[in-house]
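Trainee: Supplied structure: final_5.csv, CSV, C-alpha atoms.
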```
chain,number,residue,atom,x,y,z
A,1,MET,CA,-9.2,55.9,3.3
A,2,ASP,CA,-12.7,55.0,4.6
A,3,ASN,CA,-15.9,55.5,2.6
A,4,ARG,CA,-16.7,58.8,4.4
A,5,ASP,CA,-13.3,60.3,3.4
A,6,LEU,CA,-13.6,59.0,-0.1
A,7,LEU,CA,-17.0,60.8,-0.4
A,8,LYS,CA,-15.6,64.0,1.0
A,9,SER,CA,-12.6,63.9,-1.5
A,10,VAL,CA,-15.0,64.2,-4.5
A,11,PRO,CA,-15.0,67.9,-5.7
A,12,VAL,CA,-18.8,68.2,-5.7
A,13,PHE,CA,-18.8,67.3,-2.0
A,14,TYR,CA,-15.8,69.5,-0.9
A,15,GLY,CA,-16.6,71.3,2.3
A,16,ILE,CA,-19.2,68.9,3.8
A,17,ASN,CA,-18.5,67.8,7.3
A,18,ASP,CA,-18.6,64.3,8.8
A,19,GLU,CA,-22.2,64.8,9.9
A,20,ASP,CA,-23.2,65.7,6.3
A,21,ALA,CA,-21.2,62.9,4.8
A,22,ASP,CA,-23.0,60.5,7.2
A,23,LEU,CA,-26.4,61.6,5.7
A,24,ILE,CA,-25.2,60.9,2.2
A,25,LEU,CA,-23.4,57.6,2.7
A,26,PRO,CA,-26.6,55.6,3.4
A,27,LEU,CA,-27.8,56.6,0.0
A,28,THR,CA,-24.8,54.8,-1.6
A,29,ARG,CA,-24.4,51.1,-2.5
A,30,GLN,CA,-21.1,49.2,-2.7
A,31,LEU,CA,-20.9,47.3,-6.1
A,32,GLN,CA,-18.4,44.7,-7.3
A,33,PHE,CA,-17.3,44.3,-10.9
A,34,LYS,CA,-15.1,41.6,-12.4
A,35,LYS,CA,-12.2,42.3,-14.7
A,36,GLY,CA,-13.4,43.3,-18.1
A,37,SER,CA,-16.9,44.2,-16.9
A,38,ILE,CA,-18.4,47.3,-18.5
A,39,ILE,CA,-19.4,49.8,-15.7
A,40,ILE,CA,-20.6,52.6,-18.0
A,41,ASN,CA,-21.5,52.5,-21.6
A,42,GLU,CA,-20.9,55.7,-23.7
A,43,GLY,CA,-24.2,57.2,-24.6
A,44,SER,CA,-26.2,55.5,-21.9
A,45,GLU,CA,-28.4,57.3,-19.4
A,46,GLY,CA,-26.4,59.4,-16.9
A,47,SER,CA,-28.1,59.4,-13.5
A,48,SER,CA,-25.5,58.4,-11.0
A,49,MET,CA,-21.8,58.7,-10.0
A,50,TYR,CA,-19.2,56.1,-8.9
A,51,ILE,CA,-16.2,56.3,-6.5
A,52,LEU,CA,-13.5,53.6,-6.9
A,53,ILE,CA,-12.7,51.9,-3.6
A,54,GLU,CA,-10.4,49.1,-4.9
A,55,GLY,CA,-9.0,48.1,-8.3
A,56,THR,CA,-8.5,50.1,-11.5
A,57,VAL,CA,-10.7,51.0,-14.4
A,58,LYS,CA,-9.9,52.3,-17.9
A,59,VAL,CA,-11.8,55.1,-19.7
A,60,THR,CA,-12.3,55.0,-23.4
A,61,LYS,CA,-14.3,56.8,-26.1
A,62,ALA,CA,-15.6,55.3,-29.4
A,63,GLU,CA,-13.7,56.7,-32.4
A,64,ASN,CA,-15.8,54.9,-35.0
A,65,LYS,CA,-17.8,51.6,-35.3
A,66,ASP,CA,-14.7,49.4,-34.9
A,67,SER,CA,-12.2,51.3,-32.8
A,68,GLU,CA,-11.9,53.3,-29.6
A,69,ILE,CA,-9.7,55.9,-28.1
A,70,PHE,CA,-8.0,55.3,-24.7
A,71,ILE,CA,-8.4,58.2,-22.4
A,72,ALA,CA,-7.2,57.3,-18.9
A,73,THR,CA,-6.7,54.7,-16.2
A,74,LEU,CA,-8.3,55.5,-12.9
A,75,GLU,CA,-7.1,54.0,-9.6
A,76,ALA,CA,-8.6,53.6,-6.1
A,77,GLY,CA,-9.8,57.0,-4.8
A,78,SER,CA,-10.9,58.2,-8.3
A,79,TYR,CA,-14.4,59.1,-9.2
A,80,PHE,CA,-16.5,59.5,-12.3
A,81,GLY,CA,-20.0,60.5,-13.4
A,82,GLU,CA,-20.2,63.1,-10.6
A,83,LEU,CA,-21.9,65.8,-12.8
A,84,SER,CA,-24.6,63.2,-13.7
A,85,LEU,CA,-25.9,64.1,-10.2
A,86,VAL,CA,-27.0,67.4,-11.8
A,87,ASP,CA,-27.5,67.2,-15.5
A,88,ASP,CA,-28.9,63.7,-16.5
A,89,MET,CA,-27.0,63.9,-19.7
A,90,PRO,CA,-25.9,60.8,-21.6
A,91,ARG,CA,-22.6,59.3,-20.6
A,92,SER,CA,-19.7,60.8,-22.5
A,93,ALA,CA,-17.3,57.8,-22.4
A,94,ASN,CA,-17.0,54.1,-21.6
A,95,VAL,CA,-15.7,52.9,-18.2
A,96,ILE,CA,-14.4,49.3,-18.0
A,97,ALA,CA,-13.0,47.3,-15.1
A,98,ASP,CA,-9.2,46.8,-15.6
A,99,ASP,CA,-9.2,44.2,-12.8
A,100,ASP,CA,-11.7,43.2,-10.1
A,101,CYS,CA,-13.1,46.4,-8.7
A,102,SER,CA,-15.2,47.6,-5.8
A,103,LEU,CA,-17.1,50.9,-6.1
A,104,LEU,CA,-19.5,53.2,-4.3
A,105,HIS,CA,-22.5,54.0,-6.3
A,106,LEU,CA,-24.8,57.1,-5.7
A,107,LYS,CA,-28.0,57.7,-7.7
A,108,LYS,CA,-29.2,61.2,-8.6
A,109,LYS,CA,-32.8,60.6,-7.5
A,110,ASP,CA,-31.6,59.6,-4.0
A,111,LEU,CA,-29.4,62.6,-3.6
A,112,ASP,CA,-32.1,64.9,-4.9
A,113,SER,CA,-34.4,63.8,-2.1
A,114,LEU,CA,-31.8,64.7,0.5
A,115,LEU,CA,-31.0,68.1,-1.1
A,116,GLU,CA,-34.6,69.1,-1.1
A,117,ASN,CA,-34.7,68.8,2.7
A,118,ASN,CA,-31.2,70.0,3.6
A,119,LEU,CA,-30.4,73.5,2.4
A,120,LYS,CA,-26.9,73.5,3.9
A,121,ILE,CA,-25.8,70.5,1.9
A,122,ALA,CA,-27.6,71.8,-1.2
A,123,ASN,CA,-25.7,75.1,-1.0
A,124,ILE,CA,-22.4,73.4,-0.7
A,125,PHE,CA,-23.2,70.8,-3.5
A,126,TYR,CA,-24.5,73.2,-6.1
A,127,LYS,CA,-21.7,75.8,-5.4
A,128,ASN,CA,-19.1,73.0,-5.9
A,129,CYS,CA,-20.9,71.8,-9.1
A,130,LEU,CA,-20.7,75.4,-10.5
A,131,THR,CA,-17.0,75.6,-9.6
A,132,GLU,CA,-16.2,72.2,-11.1
A,133,THR,CA,-18.1,73.1,-14.3
A,134,PHE,CA,-16.2,76.4,-14.8
A,135,SER,CA,-12.9,74.6,-14.1
A,136,ARG,CA,-13.7,72.1,-16.9
A,137,PHE,CA,-14.9,74.9,-19.1
A,138,ARG,CA,-11.6,76.8,-18.7
A,139,LYS,CA,-9.6,73.7,-19.5
A,140,ALA,CA,-11.7,73.1,-22.5
A,141,ILE,CA,-11.1,76.7,-23.7
A,142,GLN,CA,-7.4,76.3,-23.1
A,143,ASN,CA,-7.3,73.1,-25.1
A,144,PHE,CA,-9.3,74.6,-27.9
A,145,THR,CA,-7.2,77.8,-28.1
A,146,PHE,CA,-3.7,76.5,-27.9
A,147,SER,CA,-3.8,73.0,-29.4
A,148,GLN,CA,-3.4,72.2,-33.0
A,149,HIS,CA,-5.9,69.4,-33.2
A,150,ILE,CA,-7.5,68.4,-36.5
A,151,LEU,CA,-11.0,69.8,-37.2
A,152,ARG,CA,-12.7,66.7,-35.8
A,153,GLU,CA,-11.0,67.2,-32.4
A,154,LYS,CA,-11.9,70.9,-32.4
A,155,SER,CA,-15.5,70.0,-33.0
A,156,GLU,CA,-15.5,67.5,-30.0
A,157,THR,CA,-14.0,70.3,-27.8
A,158,LEU,CA,-16.8,72.7,-28.8
A,159,ASP,CA,-19.4,70.0,-28.0
A,160,GLU,CA,-17.9,69.7,-24.5
A,161,ILE,CA,-18.0,73.5,-24.1
A,162,ASN,CA,-21.6,73.6,-25.0
A,163,ARG,CA,-22.4,70.8,-22.6
A,164,ASP,CA,-20.6,72.6,-19.8
A,165,LEU,CA,-22.4,75.8,-20.5
A,166,SER,CA,-25.7,74.0,-20.4
A,167,LEU,CA,-24.8,72.5,-17.1
A,168,ALA,CA,-23.6,75.9,-15.7
A,169,LYS,CA,-27.0,77.4,-16.7
A,170,GLU,CA,-28.8,74.6,-14.8
A,171,VAL,CA,-26.6,75.0,-11.7
A,172,GLN,CA,-26.9,78.8,-11.8
A,173,SER,CA,-30.7,78.5,-11.9
A,174,TYR,CA,-30.4,77.2,-8.3
A,175,PHE,CA,-29.1,80.6,-7.3
A,176,ILE,CA,-32.2,82.4,-8.6
A,177,ASN,CA,-34.7,81.5,-5.9
A,178,ALA,CA,-38.0,83.3,-6.1
A,179,GLY,CA,-41.6,82.6,-6.9
A,180,THR,CA,-45.1,83.6,-6.0
A,181,ASN,CA,-46.5,83.0,-2.5
A,182,SER,CA,-50.2,83.0,-1.6
A,183,PRO,CA,-51.5,86.4,-0.5
A,184,ASP,CA,-54.0,84.5,1.7
A,185,LYS,CA,-51.2,83.7,4.2
A,186,SER,CA,-49.1,86.9,4.3
A,187,GLY,CA,-51.1,89.4,2.4
A,188,ILE,CA,-48.0,89.9,0.2
A,189,LYS,CA,-47.6,88.5,-3.3
A,190,TYR,CA,-44.3,88.4,-5.1
A,191,SER,CA,-43.4,87.5,-8.6
A,192,TYR,CA,-40.3,87.9,-10.8
A,193,ILE,CA,-38.8,87.7,-14.3
A,194,TYR,CA,-35.2,86.6,-14.8
A,195,SER,CA,-33.8,86.6,-18.3
A,196,PRO,CA,-30.0,86.4,-18.9
A,197,CYS,CA,-28.8,87.8,-22.2
A,198,GLN,CA,-26.3,84.9,-22.6
A,199,GLU,CA,-26.5,81.2,-21.6
A,200,ILE,CA,-25.6,82.2,-18.0
A,201,GLY,CA,-25.8,85.7,-16.4
A,202,GLY,CA,-24.6,88.0,-13.7
A,203,ASP,CA,-27.9,88.9,-12.0
A,204,PHE,CA,-28.7,87.4,-8.7
A,205,LEU,CA,-32.1,87.2,-6.9
A,206,ASN,CA,-33.3,85.5,-3.7
A,207,VAL,CA,-36.7,85.8,-1.9
A,208,VAL,CA,-36.8,84.0,1.4
A,209,PRO,CA,-40.1,83.9,3.5
A,210,VAL,CA,-39.4,83.3,7.2
A,211,ASP,CA,-42.1,81.6,9.3
A,212,GLY,CA,-44.9,83.8,7.9
A,213,GLU,CA,-43.4,86.8,9.8
A,214,TYR,CA,-40.8,88.2,7.4
A,215,ILE,CA,-39.8,88.2,3.7
A,216,ASN,CA,-36.2,88.8,2.9
A,217,ILE,CA,-35.3,90.0,-0.5
A,218,ILE,CA,-31.9,90.4,-2.2
A,219,ILE,CA,-31.3,91.5,-5.8
A,220,ALA,CA,-27.8,92.1,-7.2
A,221,ASP,CA,-26.1,92.7,-10.5
A,222,VAL,CA,-22.4,91.8,-11.1
A,223,VAL,CA,-20.7,94.1,-13.6
A,224,GLY,CA,-20.5,92.3,-17.0
A,225,HIS,CA,-22.1,89.0,-17.8
A,226,GLY,CA,-21.2,85.5,-18.9
A,227,ILE,CA,-18.8,83.1,-17.1
A,228,THR,CA,-17.1,85.4,-14.7
A,229,ALA,CA,-20.2,87.2,-13.7
A,230,ALA,CA,-22.0,83.9,-13.1
A,231,MET,CA,-19.2,82.8,-10.9
A,232,ALA,CA,-19.6,86.0,-8.9
A,233,THR,CA,-23.3,85.3,-8.4
A,234,GLY,CA,-22.2,82.1,-6.6
A,235,VAL,CA,-20.1,84.1,-4.2
A,236,LEU,CA,-23.1,86.4,-3.5
A,237,LYS,CA,-25.3,83.4,-2.9
A,238,SER,CA,-22.7,82.1,-0.5
A,239,ALA,CA,-22.4,85.4,1.3
A,240,PHE,CA,-26.2,85.8,1.6
A,241,SER,CA,-26.6,82.3,3.0
A,242,ILE,CA,-23.9,83.0,5.6
A,243,PHE,CA,-25.0,86.4,6.9
A,244,SER,CA,-28.8,86.2,6.5
A,245,GLU,CA,-29.0,83.7,9.4
A,246,GLN,CA,-27.7,86.4,11.8
A,247,PHE,CA,-28.6,89.7,10.2
A,248,SER,CA,-31.7,89.1,8.1
A,249,ASN,CA,-33.6,91.8,10.1
A,250,GLU,CA,-30.7,94.2,10.1
A,251,PRO,CA,-30.2,95.2,6.4
A,252,ALA,CA,-27.2,97.5,7.0
A,253,LYS,CA,-25.2,94.8,8.9
A,254,LEU,CA,-26.2,92.2,6.4
A,255,MET,CA,-25.0,94.4,3.5
A,256,THR,CA,-21.7,95.1,5.4
A,257,GLY,CA,-21.1,91.3,5.8
A,258,ILE,CA,-21.9,90.5,2.2
A,259,ASN,CA,-19.5,93.3,1.0
A,260,LYS,CA,-16.6,92.1,3.2
A,261,HIS,CA,-17.1,88.5,2.1
A,262,TYR,CA,-17.4,89.4,-1.6
A,263,PHE,CA,-14.4,91.8,-1.4
A,264,GLU,CA,-12.2,89.0,-0.1
A,265,ILE,CA,-13.0,86.7,-3.0
A,266,MET,CA,-14.1,88.8,-6.0
A,267,SER,CA,-12.7,92.3,-5.4
A,268,ARG,CA,-11.9,92.8,-9.1
A,269,PHE,CA,-15.5,92.4,-10.2
A,270,TYR,CA,-17.7,94.7,-8.2
A,271,ALA,CA,-21.5,94.3,-8.0
A,272,THR,CA,-24.5,96.4,-7.1
A,273,CYS,CA,-26.8,95.0,-4.5
A,274,TYR,CA,-30.1,95.9,-2.8
A,275,TYR,CA,-31.6,94.2,0.3
A,276,ALA,CA,-35.1,94.5,1.8
A,277,ASN,CA,-36.6,93.0,4.9
A,278,VAL,CA,-40.5,92.9,5.0
A,279,ASP,CA,-41.9,92.7,8.5
A,280,ILE,CA,-45.4,91.2,8.0
A,281,ARG,CA,-46.6,91.6,11.5
A,282,ASN,CA,-45.7,95.3,11.8
A,283,MET,CA,-46.3,96.0,8.2
A,284,THR,CA,-43.0,97.7,7.5
A,285,ILE,CA,-40.2,97.3,5.0
A,286,SER,CA,-36.5,98.1,5.6
A,287,PHE,CA,-34.1,98.8,2.8
A,288,ALA,CA,-30.3,98.8,2.4
A,289,LYS,CA,-28.6,99.9,-0.8
A,290,GLY,CA,-25.2,98.9,-2.2
A,291,GLY,CA,-24.8,101.0,-5.3
A,292,HIS,CA,-28.0,99.6,-6.8
A,293,HIS,CA,-31.0,101.5,-8.2
A,294,HIS,CA,-33.7,102.1,-5.7
A,295,PRO,CA,-36.9,100.1,-6.4
A,296,LEU,CA,-40.0,101.9,-7.5
A,297,PHE,CA,-42.2,102.3,-4.4
A,298,TRP,CA,-45.8,102.9,-5.2
A,299,LYS,CA,-47.8,104.3,-2.2
A,300,GLU,CA,-51.5,103.5,-2.8
A,301,SER,CA,-52.7,106.0,-0.2
A,302,LYS,CA,-50.8,108.8,-2.0
A,303,GLY,CA,-51.4,107.6,-5.5
A,304,GLN,CA,-47.8,108.1,-6.5
A,305,PHE,CA,-44.3,106.8,-6.2
A,306,ILE,CA,-42.2,107.9,-3.2
A,307,ASP,CA,-38.5,108.4,-2.9
A,308,ILE,CA,-36.4,106.1,-0.8
A,309,GLU,CA,-33.8,108.0,1.2
A,310,SER,CA,-30.8,105.6,1.5
A,311,SER,CA,-27.3,105.4,0.1
A,312,GLY,CA,-24.3,103.0,0.0
A,313,ILE,CA,-21.5,102.1,-2.4
A,314,GLY,CA,-21.4,99.0,-4.6
A,315,ILE,CA,-20.3,95.6,-3.3
A,316,GLY,CA,-16.6,94.7,-3.6
A,317,ILE,CA,-15.2,98.2,-4.1
A,318,MET,CA,-14.1,98.9,-0.5
A,319,GLU,CA,-13.5,96.3,2.1
A,320,THR,CA,-14.5,98.6,5.0
A,321,ALA,CA,-17.6,100.1,3.3
A,322,HIS,CA,-20.5,101.0,5.7
A,323,TYR,CA,-24.2,100.9,4.9
A,324,LYS,CA,-27.3,102.3,6.4
A,325,ASP,CA,-30.9,101.1,6.4
A,326,VAL,CA,-34.2,102.9,6.3
A,327,THR,CA,-37.7,101.7,7.3
A,328,TYR,CA,-41.1,102.6,5.8
A,329,PRO,CA,-44.6,101.6,6.6
A,330,ILE,CA,-46.5,99.5,4.0
A,331,GLU,CA,-50.2,99.2,3.5
A,332,LYS,CA,-52.7,97.4,1.3
A,333,GLY,CA,-52.3,98.4,-2.3
A,334,ASP,CA,-48.6,99.3,-2.1
A,335,LYS,CA,-46.4,97.9,-4.8
A,336,ILE,CA,-42.6,97.7,-5.0
A,337,LEU,CA,-40.7,96.9,-8.1
A,338,PHE,CA,-37.0,95.9,-7.8
A,339,PHE,CA,-35.0,95.7,-11.0
A,340,THR,CA,-31.4,95.5,-12.4
A,341,ASP,CA,-30.1,98.1,-14.8
A,342,GLY,CA,-30.3,95.8,-17.9
A,343,ILE,CA,-33.9,97.0,-18.5
A,344,LEU,CA,-32.9,100.7,-18.1
A,345,GLU,CA,-29.9,100.6,-20.4
A,346,GLN,CA,-31.5,98.5,-23.3
A,347,HIS,CA,-31.5,100.3,-26.7
A,348,ASN,CA,-33.9,99.9,-29.5
A,349,LYS,CA,-33.1,100.0,-33.2
A,350,GLN,CA,-33.1,103.9,-33.1
A,351,ARG,CA,-30.5,103.7,-30.3
A,352,GLN,CA,-33.0,105.1,-27.8
A,353,MET,CA,-32.6,103.9,-24.3
A,354,PHE,CA,-35.5,102.4,-22.4
A,355,GLY,CA,-34.6,104.4,-19.3
A,356,GLU,CA,-36.0,104.9,-15.8
A,357,GLU,CA,-38.6,107.4,-16.9
A,358,LYS,CA,-40.2,104.9,-19.3
A,359,LEU,CA,-40.1,102.2,-16.6
A,360,HIS,CA,-41.9,104.6,-14.2
A,361,ALA,CA,-44.5,105.4,-16.8
A,362,VAL,CA,-45.2,101.8,-17.8
A,363,PHE,CA,-45.4,100.5,-14.3
A,364,LYS,CA,-47.6,103.4,-13.2
A,365,HIS,CA,-50.0,102.7,-16.1
A,366,ALA,CA,-50.2,99.0,-15.1
A,367,ILE,CA,-51.1,100.0,-11.6
A,368,LEU,CA,-53.7,102.7,-12.5
A,369,GLU,CA,-55.3,100.5,-15.1
A,370,ASP,CA,-55.2,97.5,-12.6
A,371,VAL,CA,-53.5,95.3,-15.2
A,372,PRO,CA,-53.9,91.7,-13.8
A,373,ASP,CA,-50.3,90.6,-14.5
A,374,LYS,CA,-48.2,93.7,-14.2
A,375,LEU,CA,-44.8,92.0,-14.8
A,376,GLN,CA,-46.0,90.4,-18.0
A,377,TYR,CA,-47.3,93.8,-19.1
A,378,LEU,CA,-43.9,95.3,-18.4
A,379,GLN,CA,-42.2,92.6,-20.4
A,380,GLN,CA,-44.6,93.1,-23.3
A,381,GLU,CA,-43.9,96.8,-23.4
A,382,PHE,CA,-40.2,96.2,-23.1
A,383,ASN,CA,-40.3,93.7,-26.0
A,384,THR,CA,-42.3,96.2,-28.1
A,385,PHE,CA,-39.7,98.9,-27.4
A,386,CYS,CA,-36.8,96.6,-28.4
A,387,ASP,CA,-38.6,95.6,-31.6
A,388,GLY,CA,-36.2,92.7,-32.2
A,389,SER,CA,-33.0,94.5,-31.1
A,390,GLU,CA,-30.4,92.3,-29.5
A,391,ILE,CA,-30.7,92.2,-25.7
A,392,GLU,CA,-27.6,93.8,-24.3
A,393,ASP,CA,-27.7,92.8,-20.6
A,394,ASP,CA,-29.4,90.5,-18.1
A,395,ILE,CA,-32.9,91.5,-17.2
A,396,THR,CA,-34.3,90.9,-13.7
A,397,LEU,CA,-37.5,92.2,-12.3
A,398,LEU,CA,-39.2,91.4,-8.9
A,399,MET,CA,-42.5,92.9,-7.8
A,400,LEU,CA,-44.1,92.9,-4.3
A,401,GLU,CA,-47.8,93.5,-4.1
A,402,ILE,CA,-49.3,94.2,-0.7
```
Please lay out the structure from this file as structure tokens.

Mentor:
Amino acid sequence: MDNRDLLKSVPVFYGINDEDADLILPLTRQLQFKKGSIIINEGSEGSSMYILIEGTVKVTKAENKDSEIFIATLEAGSYFGELSLVDDMPRSANVIADDDCSLLHLKKKDLDSLLENNLKIANIFYKNCLTETFSRFRKAIQNFTFSQHILREKSETLDEINRDLSLAKEVQSYFINAGTNSPDKSGIKYSYIYSPCQEIGGDFLNVVPVDGEYINIIIADVVGHGITAAMATGVLKSAFSIFSEQFSNEPAKLMTGINKHYFEIMSRFYATCYYANVDIRNMTISFAKGGHHHPLFWKESKGQFIDIESSGIGIGIMETAHYKDVTYPIEKGDKILFFTDGILEQHNKQRQMFGEEKLHAVFKHAILEDVPDKLQYLQQEFNTFCDGSEIEDDITLLMLEI
């Protein structure tokens, strides 16, 4: 197996083609280690991964000051440290050359530079990282549930679960892609709040400006939250990346493609979804709905919210679902608030629900009073309403200001 095939065999690089592998390979160095050499020290900085070309290595973990636990022997074609390309966490074990070894070495900082400039490889890499993390998490859960380890071993398993959850949160943050762009260039400012109720969540949000001519927006909410919901957001991210290249200006066709892709993979876990395409040149916005709440659309010229006339069932319910899109003009002063239902269905200590009526009222007040940071104001009013109550679901808000 040549070095290119070795690289492609590592789970975090599954799915890359030869051309992509040839972009990564120059970032690697081939290192030699003599028998007995320490390749990785437990507890040392984790900022790179290794692929074993020739030889064998043994993996151990310190039990106490004077002894260690043997974990495994790895042979040619094996790899280790791959998640250090994401999390920068200290090494969790020792790796020692069992005989003379040859290894490929890839540093996180070198890969980061490549990913920043190659969205295709970045999508594949981070999706694979999420899949690998959840796989390890499930194995850790199984080991914890069914094994009869002593208390010390259970504690170590919980530590591993916490580490995997922390990494899953970091990887999932890659799927939440939004921010604030300068109104000097497009005349449109967008900002967001994303707050999962657990370590990882089931809300998904992407804002993609295109050449100063369009802004594509997708917001989605997978039913439930936690591990399974977070995995589903990865599928949504994948579907959006696939179909937005062809149908970004045709919301109904984009939603149809996303639904079919999602149904094939995650049909047992449906999601609500909303897509919008902003045409900056013609000052219009087109919407397509997939079982999601319509955004609040404030028309400055009318001094009120207007209703959006569009319909469509949730994502993943029916493979052959059809969607339609609608287009509205936008003008200076218009504001559009996208949201997931976590904010609507939140209860306070008196078991009152925040609800859509209150969201309308708070957002309208922020507009009429010209509150500088309207999303921050919304969050403050929401927190006041909750008054310390446990947050029940993921909260995601996205606002456009024309």

Trainee: Just how far from CA of Leu397 in chain A is CA of Lys127 in chain A, in Å to one decimal?

Mentor: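 Between these atoms lies a distance of 23.8 Å.
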
Trainee: So the first atom is CA of Lys289 in chain A and the second is CA of Phe382 in chain A; what is the distance between them in Å, to one decimal place?

Mentor: 25.4 Å

Trainee: Which is closest to Gln350 in chain A among A:Asp99, A:Asp387, A:Asp22, A:Asp5, if we use all atoms listed in the file?

Mentor: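 Comparing A:Asp99, A:Asp387, A:Asp22, A:Asp5 against Gln350 in chain A, the winner is A:Asp387.
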
Trainee: Rank A:His293, A:Ile51, A:Cys101, A:Asp325 by their smallest atom-to-atom distance to Phe80 in chain A, using only C-alpha atoms, and report the top residue only.

Mentor: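 Going through A:His293, A:Ile51, A:Cys101, A:Asp325 one by one, the smallest distance to Phe80 in chain A is for A:Ile51.
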
Trainee: Need to verify the contact set: Leu111 in chain A, 9 Å, only C-alpha atoms, exclusion of same-chain residues closer than 6 positions in sequence. Can you return it as a list in words?

Mentor: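 Near Leu111 in chain A, the qualifying residues are Ile24, Leu27 and Leu85 of chain A.
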
Trainee: With all atoms listed in the file as the basis for distance, which of A:Lys324, A:Lys237, A:Lys299, A:Lys364 is at the shortest distance from Ser286 in chain A?

Mentor: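 Checking each candidate against Ser286 in chain A, we get A:Lys324 as the closest.
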
Trainee: What's the separation between CA of Leu375 in chain A and CA of Ala239 in chain A, in Å to one decimal place?

Mentor: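 We find that CA of Leu375 in chain A and CA of Ala239 in chain A lie 28.4 Å from each other.
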
Trainee: Between A:Ser241, A:Ser310, A:Thr340, A:Thr73, which is the closest to Ala271 in chain A once you count all atoms listed in the file?

Mentor: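 Result for the nearest residue to Ala271 in chain A: A:Thr340.
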
Trainee: A:Lys335, A:Arg351, A:Lys358, A:Lys58: which is nearest Cys386 in chain A, counting only C-alpha atoms?

Mentor: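 Between A:Lys335, A:Arg351, A:Lys358, A:Lys58, the residue approaching Cys386 in chain A most closely is A:Arg351.
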
Trainee: My list of candidates is A:Glu245, A:Glu19, A:Ile219, A:Ala288. Which is closest to Asp341 in chain A when distances are computed with all atoms listed in the file?

Mentor: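 That would be A:Ile219, the residue with the smallest distance to Asp341 in chain A.
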
Trainee: Need the neighbours of (-9.3, 48.2, -7.9): which residues are at most 9 Å away, counting all atoms listed in the file, as a VMD selection string?

Mentor: chain A and resid 52 to 57 74 to 76 97 to 103

Trainee: Find the residues around Gln376 in chain A up to 12 Å (all atoms listed in the file counted), leave out those fewer than 3 positions away in its own chain, and share them as a list of chain:residue names.

Mentor: A:Ser191, A:Tyr192, A:Ile193, A:Tyr194, A:Val362, A:Phe363, A:Ala366, A:Val371, A:Pro372, A:Asp373, A:Gln379, A:Gln380, A:Glu381, A:Phe382, A:Asn383, A:Leu397, A:Leu398, A:Met399

Trainee: Counting all atoms listed in the file, what is within 12 Å of Thr384 in chain A, bar same-chain residues fewer than 5 positions away, as a list in words?

Mentor: His347, Asn348, Lys349, Phe354, Tyr377, Leu378, Gln379 and Ser389 of chain A

Trainee: Kindly save the residues from that selection, with C-alpha atoms included, as a short mmCIF file (atom, residue, chain, number, x, y, z; two decimals), keeping the file's coordinate frame.

Mentor:
```cif
data_model
loop_
_atom_site.label_atom_id
_atom_site.label_comp_id
_atom_site.auth_asym_id
_atom_site.auth_seq_id
_atom_site.Cartn_x
_atom_site.Cartn_y
_atom_site.Cartn_z
CA HIS A 347 -31.50 100.30 -26.70
CA ASN A 348 -33.90 99.90 -29.50
CA LYS A 349 -33.10 100.00 -33.20
CA PHE A 354 -35.50 102.40 -22.40
CA TYR A 377 -47.30 93.80 -19.10
CA LEU A 378 -43.90 95.30 -18.40
CA GLN A 379 -42.20 92.60 -20.40
CA SER A 389 -33.00 94.50 -31.10
#
```

Trainee: For Glu319 in chain A, please output as a ChimeraX atom specification all residues within 8 Å (counting only C-alpha atoms; exclusion window: fewer than 2 positions along the same chain).

Mentor: /A:259-260,263-264,316-317,321
